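What follows is the content of work_22.txt, which has compact mmCIF, C-alpha atoms:
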# COMPACT_ATOMS: atom_id res chain seq x y z
CA MET A 1 -14.63 2.09 -19.25
CA TYR A 2 -10.94 1.41 -18.65
CA ARG A 3 -9.00 -1.33 -20.43
CA ILE A 4 -6.62 -3.71 -18.67
CA ALA A 5 -3.44 -3.41 -20.72
CA ASP A 6 -1.52 -6.08 -18.82
CA LYS A 7 -1.90 -8.55 -15.97
CA LYS A 8 0.73 -10.35 -13.91
CA ILE A 9 0.38 -12.75 -10.98
CA LEU A 10 3.03 -11.78 -8.41
CA ASN A 11 2.22 -14.49 -5.87
CA PRO A 12 -0.79 -16.71 -5.04
CA THR A 13 -2.82 -13.78 -3.65
CA VAL A 14 -1.24 -10.64 -5.16
CA ILE A 15 -1.94 -9.39 -8.69
CA GLN A 16 -0.47 -6.56 -10.74
CA LEU A 17 -2.53 -4.75 -13.38
CA HIS A 18 -1.70 -1.99 -15.84
CA ILE A 19 -4.81 0.07 -16.55
CA GLU A 20 -5.16 2.39 -19.54
CA ALA A 21 -5.94 5.75 -17.92
CA PRO A 22 -3.86 8.50 -19.62
CA LEU A 23 -5.18 11.42 -17.57
CA VAL A 24 -4.38 9.67 -14.29
CA ALA A 25 -1.01 8.46 -15.53
CA ASN A 26 -0.03 11.99 -16.50
CA LYS A 27 -0.63 13.44 -13.03
CA ALA A 28 -0.23 10.70 -10.41
CA LYS A 29 2.73 10.88 -8.02
CA PRO A 30 4.13 8.41 -5.45
CA GLY A 31 1.84 8.08 -2.45
CA GLN A 32 -1.39 8.92 -4.26
CA PHE A 33 -4.23 6.49 -4.91
CA ILE A 34 -7.18 5.80 -7.20
CA ILE A 35 -10.70 4.54 -6.55
CA LEU A 36 -12.13 1.96 -8.93
CA ARG A 37 -15.30 -0.01 -9.59
CA VAL A 38 -15.13 -3.30 -11.41
CA ASP A 39 -18.66 -2.96 -12.84
CA GLU A 40 -21.79 -0.84 -12.53
CA GLU A 41 -23.03 -2.79 -9.51
CA GLY A 42 -19.65 -2.87 -7.79
CA GLU A 43 -18.40 -1.13 -4.68
CA ARG A 44 -15.77 1.59 -4.75
CA ILE A 45 -12.36 0.51 -3.45
CA PRO A 46 -9.16 2.56 -3.06
CA LEU A 47 -5.86 1.23 -4.40
CA THR A 48 -2.53 3.01 -4.22
CA VAL A 49 -0.79 3.88 -7.49
CA ALA A 50 2.21 1.56 -7.80
CA GLY A 51 3.64 3.28 -10.86
CA CYS A 52 2.80 5.17 -14.07
CA ASP A 53 3.84 4.99 -17.70
CA LYS A 54 3.03 8.42 -19.10
CA GLU A 55 4.15 7.48 -22.60
CA ASN A 56 1.71 4.57 -22.83
CA GLY A 57 -0.90 6.20 -20.59
CA THR A 58 -1.09 3.32 -18.13
CA VAL A 59 -1.29 3.16 -14.35
CA LYS A 60 0.06 0.21 -12.39
CA ILE A 61 -1.91 -1.09 -9.42
CA ILE A 62 -0.98 -4.03 -7.20
CA TYR A 63 -3.56 -5.56 -4.91
CA GLN A 64 -4.20 -8.54 -2.69
CA VAL A 65 -7.28 -10.71 -3.18
CA VAL A 66 -8.96 -10.33 0.22
CA GLY A 67 -12.60 -9.45 -0.44
CA SER A 68 -15.43 -9.80 -2.93
CA THR A 69 -14.37 -6.85 -5.09
CA THR A 70 -10.71 -7.84 -5.34
CA LYS A 71 -11.87 -11.40 -6.07
CA LYS A 72 -14.05 -10.09 -8.90
CA LEU A 73 -11.19 -7.92 -10.16
CA SER A 74 -8.85 -10.94 -10.12
CA GLN A 75 -11.14 -12.69 -12.61
CA LYS A 76 -10.54 -9.96 -15.19
CA GLU A 77 -7.93 -10.65 -17.84
CA LYS A 78 -5.76 -8.60 -20.18
CA GLY A 79 -8.01 -6.84 -22.68
CA ASP A 80 -11.02 -6.76 -20.34
CA TYR A 81 -12.49 -3.52 -19.02
CA ILE A 82 -13.39 -2.13 -15.61
CA GLN A 83 -16.12 0.43 -15.02
CA ASP A 84 -14.44 3.31 -13.15
CA PHE A 85 -10.89 4.41 -12.41
CA VAL A 86 -10.80 7.78 -10.63
CA GLY A 87 -7.72 9.70 -9.53
CA PRO A 88 -5.15 10.65 -8.64
CA LEU A 89 -6.47 11.21 -5.13
CA GLY A 90 -4.75 12.08 -1.86
CA THR A 91 -1.56 13.99 -1.17
CA PRO A 92 1.74 12.82 -2.72
CA THR A 93 4.44 11.62 -0.34
CA ARG A 94 6.72 14.52 0.61
CA LEU A 95 10.21 13.62 -0.54
CA GLU A 96 11.86 17.03 -1.00
CA ASN A 97 15.26 17.58 0.65
CA LEU A 98 15.57 13.96 1.81
CA LYS A 99 19.11 12.66 1.36
CA LYS A 100 19.11 9.46 3.39
CA VAL A 101 15.89 7.48 3.77
CA CYS A 102 14.80 4.08 5.06
CA VAL A 103 11.80 2.72 3.15
CA ILE A 104 9.96 -0.14 4.85
CA GLY A 105 7.24 -2.22 3.22
CA GLY A 106 5.23 -5.08 4.67
CA GLY A 107 3.47 -7.64 2.48
CA VAL A 108 1.49 -6.03 -0.32
CA GLY A 109 2.45 -2.67 1.24
CA SER A 110 5.81 -3.22 -0.46
CA ALA A 111 4.06 -2.44 -3.74
CA ILE A 112 3.15 0.99 -2.36
CA ALA A 113 6.64 1.55 -0.97
CA MET A 114 8.38 0.68 -4.24
CA PRO A 115 7.48 3.81 -6.29
CA ILE A 116 8.58 5.92 -3.32
CA ALA A 117 11.95 4.17 -3.23
CA GLU A 118 12.23 4.57 -7.01
CA LYS A 119 11.50 8.30 -6.84
CA LEU A 120 14.00 8.82 -4.02
CA CYS A 121 16.64 6.99 -6.05
CA GLU A 122 15.83 9.16 -9.06
CA MET A 123 16.28 12.25 -6.86
CA GLY A 124 19.75 11.08 -5.79
CA ALA A 125 18.91 10.04 -2.23
CA GLU A 126 20.60 7.14 -0.44
CA VAL A 127 17.88 4.52 -0.03
CA THR A 128 17.83 1.65 2.45
CA SER A 129 14.87 -0.64 1.79
CA ILE A 130 13.46 -3.24 4.15
CA ILE A 131 10.63 -5.48 2.92
CA GLY A 132 8.93 -8.17 4.96
CA PHE A 133 6.69 -11.15 4.18
CA ARG A 134 5.26 -14.16 6.01
CA ASN A 135 7.20 -16.67 3.88
CA ARG A 136 9.16 -17.22 0.67
CA ASP A 137 6.07 -17.80 -1.50
CA LEU A 138 4.73 -14.31 -0.73
CA VAL A 139 7.87 -12.32 -1.60
CA ILE A 140 7.23 -9.73 -4.33
CA LEU A 141 9.21 -7.03 -6.16
CA GLU A 142 12.63 -8.01 -4.82
CA GLU A 143 14.40 -7.27 -8.11
CA GLU A 144 12.64 -3.92 -8.46
CA PHE A 145 13.78 -2.89 -4.99
CA LYS A 146 17.36 -3.97 -5.72
CA LYS A 147 17.49 -1.55 -8.64
CA CYS A 148 16.52 1.50 -6.57
CA SER A 149 18.11 0.69 -3.20
CA ASN A 150 21.64 1.16 -1.91
CA ARG A 151 20.86 -1.59 0.62
CA LEU A 152 18.02 -4.08 0.64
CA TYR A 153 16.92 -6.34 3.47
CA VAL A 154 14.36 -9.06 2.71
CA MET A 155 12.73 -10.48 5.84
CA THR A 156 10.43 -13.48 6.27
CA ASP A 157 8.62 -14.45 9.46
CA ASP A 158 9.58 -18.12 9.12
CA GLY A 159 13.08 -17.61 7.74
CA SER A 160 12.28 -19.45 4.50
CA TYR A 161 13.89 -16.63 2.49
CA GLY A 162 16.19 -13.71 3.22
CA GLU A 163 16.61 -13.12 6.94
CA LYS A 164 14.31 -14.49 9.63
CA GLY A 165 12.35 -11.92 11.61
CA ASN A 166 10.20 -8.85 11.11
CA VAL A 167 11.13 -5.56 9.49
CA THR A 168 12.01 -3.85 12.76
CA ALA A 169 15.01 -6.16 13.34
CA PRO A 170 17.34 -4.65 10.68
CA LEU A 171 15.94 -1.18 11.38
CA VAL A 172 16.85 -1.30 15.07
CA LYS A 173 20.26 -2.80 14.26
CA LEU A 174 21.03 0.03 11.82
CA LEU A 175 19.88 2.71 14.27
CA GLU A 176 21.86 1.18 17.12
CA GLU A 177 24.93 1.19 14.86
CA GLY A 178 24.53 4.93 14.42
CA GLU A 179 22.73 5.30 11.10
CA LYS A 180 21.17 8.74 10.76
CA PHE A 181 18.15 8.70 8.48
CA ASP A 182 16.42 11.92 7.46
CA MET A 183 13.16 9.99 7.36
CA ILE A 184 11.71 6.52 7.75
CA ILE A 185 8.79 5.87 5.40
CA THR A 186 6.77 2.76 6.23
CA ILE A 187 3.80 1.17 4.50
CA GLY A 188 2.04 -2.06 5.42
CA PRO A 189 -0.22 -3.60 8.05
CA LEU A 190 -1.17 -1.25 10.87
CA ILE A 191 0.48 -3.40 13.52
CA MET A 192 3.73 -3.39 11.55
CA MET A 193 3.72 0.38 11.16
CA LYS A 194 2.96 0.79 14.87
CA PHE A 195 6.05 -1.25 15.80
CA VAL A 196 8.22 0.61 13.29
CA VAL A 197 7.20 3.86 14.98
CA GLN A 198 7.90 2.42 18.43
CA SER A 199 11.30 1.16 17.28
CA ALA A 200 12.30 4.54 15.83
CA ARG A 201 11.04 6.64 18.74
CA PRO A 202 14.10 6.22 21.04
CA PHE A 203 16.33 7.44 18.22
CA GLY A 204 14.24 10.50 17.33
CA VAL A 205 14.02 9.69 13.62
CA PRO A 206 10.95 11.16 11.83
CA VAL A 207 8.54 8.47 10.60
CA THR A 208 5.95 8.81 7.84
CA VAL A 209 3.22 6.17 7.73
CA SER A 210 0.75 5.51 4.91
CA MET A 211 -2.77 4.89 6.20
CA ASN A 212 -5.37 2.90 4.27
CA PRO A 213 -8.56 2.85 6.34
CA ILE A 214 -12.10 2.15 5.12
CA MET A 215 -12.81 4.63 2.34
CA ILE A 216 -15.87 5.26 0.16
CA ASP A 217 -15.94 8.51 -1.79
CA GLY A 218 -12.32 9.68 -1.60
CA THR A 219 -13.30 13.32 -1.03
CA GLY A 220 -13.67 13.47 2.76
CA MET A 221 -17.46 13.66 2.66
CA CYS A 222 -18.33 10.17 3.93
CA GLY A 223 -16.07 10.30 6.98
CA GLY A 224 -15.31 6.59 6.78
CA CYS A 225 -11.56 7.14 6.60
CA ARG A 226 -11.28 9.40 9.63
CA LEU A 227 -8.28 9.02 11.88
CA THR A 228 -7.43 10.40 15.29
CA LEU A 229 -4.09 12.13 15.66
CA ASN A 230 -2.50 13.28 18.91
CA VAL A 231 -1.02 16.67 18.06
CA ASP A 232 0.67 18.62 20.86
CA GLY A 233 -1.43 16.81 23.44
CA LYS A 234 -4.71 17.43 21.63
CA LYS A 235 -6.83 14.95 19.69
CA VAL A 236 -7.33 15.99 16.08
CA THR A 237 -9.51 14.28 13.47
CA LYS A 238 -8.12 13.93 9.95
CA PHE A 239 -9.34 12.17 6.82
CA ALA A 240 -6.95 9.80 5.06
CA CYS A 241 -8.40 10.48 1.61
CA VAL A 242 -7.79 14.23 1.57
CA ASP A 243 -5.33 14.91 4.42
CA GLY A 244 -3.26 11.78 3.70
CA PRO A 245 -2.74 8.97 3.15
CA ASP A 246 0.64 9.94 4.68
CA PHE A 247 0.84 11.08 8.31
CA ASN A 248 3.39 11.65 11.05
CA GLY A 249 3.65 8.19 12.59
CA TYR A 250 4.19 9.58 16.09
CA GLU A 251 0.79 11.29 15.98
CA VAL A 252 -1.41 8.42 14.73
CA ASP A 253 -3.66 6.58 17.19
CA PHE A 254 -2.91 3.10 15.84
CA ASP A 255 -5.04 1.26 18.40
CA GLU A 256 -8.15 3.16 17.33
CA ALA A 257 -7.31 2.69 13.65
CA MET A 258 -6.91 -1.07 14.14
CA SER A 259 -10.18 -1.27 16.04
CA ARG A 260 -12.03 0.58 13.25
CA GLY A 261 -10.39 -1.62 10.64
CA ARG A 262 -11.83 -4.74 12.26
CA MET A 263 -15.41 -3.43 12.33
CA TYR A 264 -16.38 -4.89 8.96
CA SER A 265 -14.17 -7.97 8.88
CA ASP A 266 -17.09 -10.41 9.32
CA PHE A 267 -19.11 -8.65 6.60
CA GLU A 268 -16.14 -8.68 4.22
CA ARG A 269 -15.51 -12.37 4.85
CA HIS A 270 -19.16 -13.19 4.16
CA ALA A 271 -19.16 -11.11 0.95
CA TYR A 272 -15.96 -12.82 -0.20
CA GLU A 273 -17.40 -16.28 0.42
CA GLU A 274 -20.57 -15.36 -1.49
CA SER A 275 -18.57 -14.13 -4.47
CA CYS A 276 -16.53 -17.35 -4.48
CA ASN A 277 -19.70 -19.47 -4.40
CA LEU A 278 -21.19 -17.42 -7.24
CA PHE A 279 -18.03 -17.80 -9.32
CA ASN A 280 -17.98 -21.57 -8.75
CA LYS A 281 -21.64 -21.87 -9.84
CA GLU A 282 -20.89 -19.89 -13.02
CA VAL A 283 -17.95 -22.17 -13.81
CA LEU A 284 -20.09 -25.27 -13.27

How does this structure look as structure tokens?
Amino acid sequence: MYRIADKKILNPTVIQLHIEAPLVANKAKPGQFIILRVDEEGERIPLTVAGCDKENGTVKIIYQVVGSTTKKLSQKEKGDYIQDFVGPLGTPTRLENLKKVCVIGGGVGSAIAMPIAEKLCEMGAEVTSIIGFRNRDLVILEEEFKKCSNRLYVMTDDGSYGEKGNVTAPLVKLLEEGEKFDMIITIGPLIMMKFVVQSARPFGVPVTVSMNPIMIDGTGMCGGCRLTLNVDGKKVTKFACVDGPDFNGYEVDFDEAMSRGRMYSDFERHAYEESCNLFNKEVL
């Protein structure tokens, strides 16, 4: 069992937890993830490590309430316990020898991008961060990004905060003005990452994307997280849990990944509605 050491509501649908897991905290690096179960009957879900406190032995996770398991997890409070917390899993983001990087986060993906920006800053790199949200109420981690970024652009779709537009707008402007990034690292919705890759392609800047497909065991055995990459004109199958979650953005078949991601949307919606109904009955 793993104790929740702290809980913070970041916005109406995004929650931050600090979980007491000393062994994970001691080894986890930016880009890696954990798999947890809320209780013995629960499903396994992957969540990216958003930070570690080795001294206190805690791991920070930030998640959006979108399904039955995240709904159940959101009902836990500080001092409560969750059943399983396994990790670190996956390959850490490769940050060696990067001197000038653009880090782009979309929505709750900004929580995954933040530890990468922090590590790059710690390594002495020049960091330009771009984070995007639908509106002002959904903005998270702005102050944290300010501390580790040489430049920060906050974008909202409706213009209610920061600059109006999506994350590709400042990226394209910077590239057109002659900025030379060693790498663009982007994390967020698949459609956002696809357009970041398309925007960077004419300028020849390398792009790393963080993939978060359906995942069950985290060891590559179930095959649920498989992705198709186009490498030198050949289709190659990779598994996000063991080969990733980071991949060369120019090689990822985003259309296939988005199609696979929609396969269980109706099931997830039904499970979420059932969990909400169950919770309401318990309250009554």

Practice problem: For Thr228 in chain A, please output as a list in words all residues within 9 Å (counting all atoms listed in the file; exclusion window: fewer than 3 positions along the same chain). | Solution: Lys235, Val236, Thr237, Lys238, Phe239, Glu251, Val252, Asp253, Phe254, Glu256 and Ala257 of chain A

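Separating CA of Met193 in chain A from CA of Pro115 in chain A is a distance of 18.2 Å.
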
Practice problem: Between A:Cys148, A:Met211, A:Ile130, A:Val231, single out the one closest to Ile116 in chain A, counting only C-alpha atoms. | Solution: A:Cys148

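CA of Leu17 in chain A is positioned 18.4 Å from CA of Leu89 in chain A.
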
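Take CA of Leu227 in chain A and CA of Arg260 in chain A: the distance between them is 9.3 Å.
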
Practice problem: May I have the residues within 7 Å of Ala21 in chain A as JSON, numbers by chain, using all atoms listed in the file and disregarding those fewer than 4 positions away in the same chain? | Solution: {"A": [2, 25, 57, 58, 59]}

Extract, using all atoms listed in the file, all DNA, RNA and protein residues at most 10 Å from Lys8 in chain A, discarding same-chain residues fewer than 4 positions from it, and format them as a PDB file with C-alpha atoms, keeping the file's coordinate frame.
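File selection00.pdb, as written:
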ATOM      1  CA  VAL A  14      -1.240 -10.640  -5.160  1.00  0.00           C
ATOM      2  CA  ILE A  15      -1.940  -9.390  -8.690  1.00  0.00           C
ATOM      3  CA  GLN A  16      -0.470  -6.560 -10.740  1.00  0.00           C
ATOM      4  CA  LEU A  17      -2.530  -4.750 -13.380  1.00  0.00           C
ATOM      5  CA  HIS A  18      -1.700  -1.990 -15.840  1.00  0.00           C
ATOM      6  CA  ILE A  62      -0.980  -4.030  -7.200  1.00  0.00           C
ATOM      7  CA  GLU A  77      -7.930 -10.650 -17.840  1.00  0.00           C
ATOM      8  CA  LYS A  78      -5.760  -8.600 -20.180  1.00  0.00           C
TER       9      LYS A  78
END

Exercise. Would you list the residues near (20.1, 9.0, 0.5) (no more than 9 Å away, in the coordinates of the file, using all atoms listed in the file) as a ChimeraX atom specification?
Key: /A:98-102,120-121,123-128,150,181-182
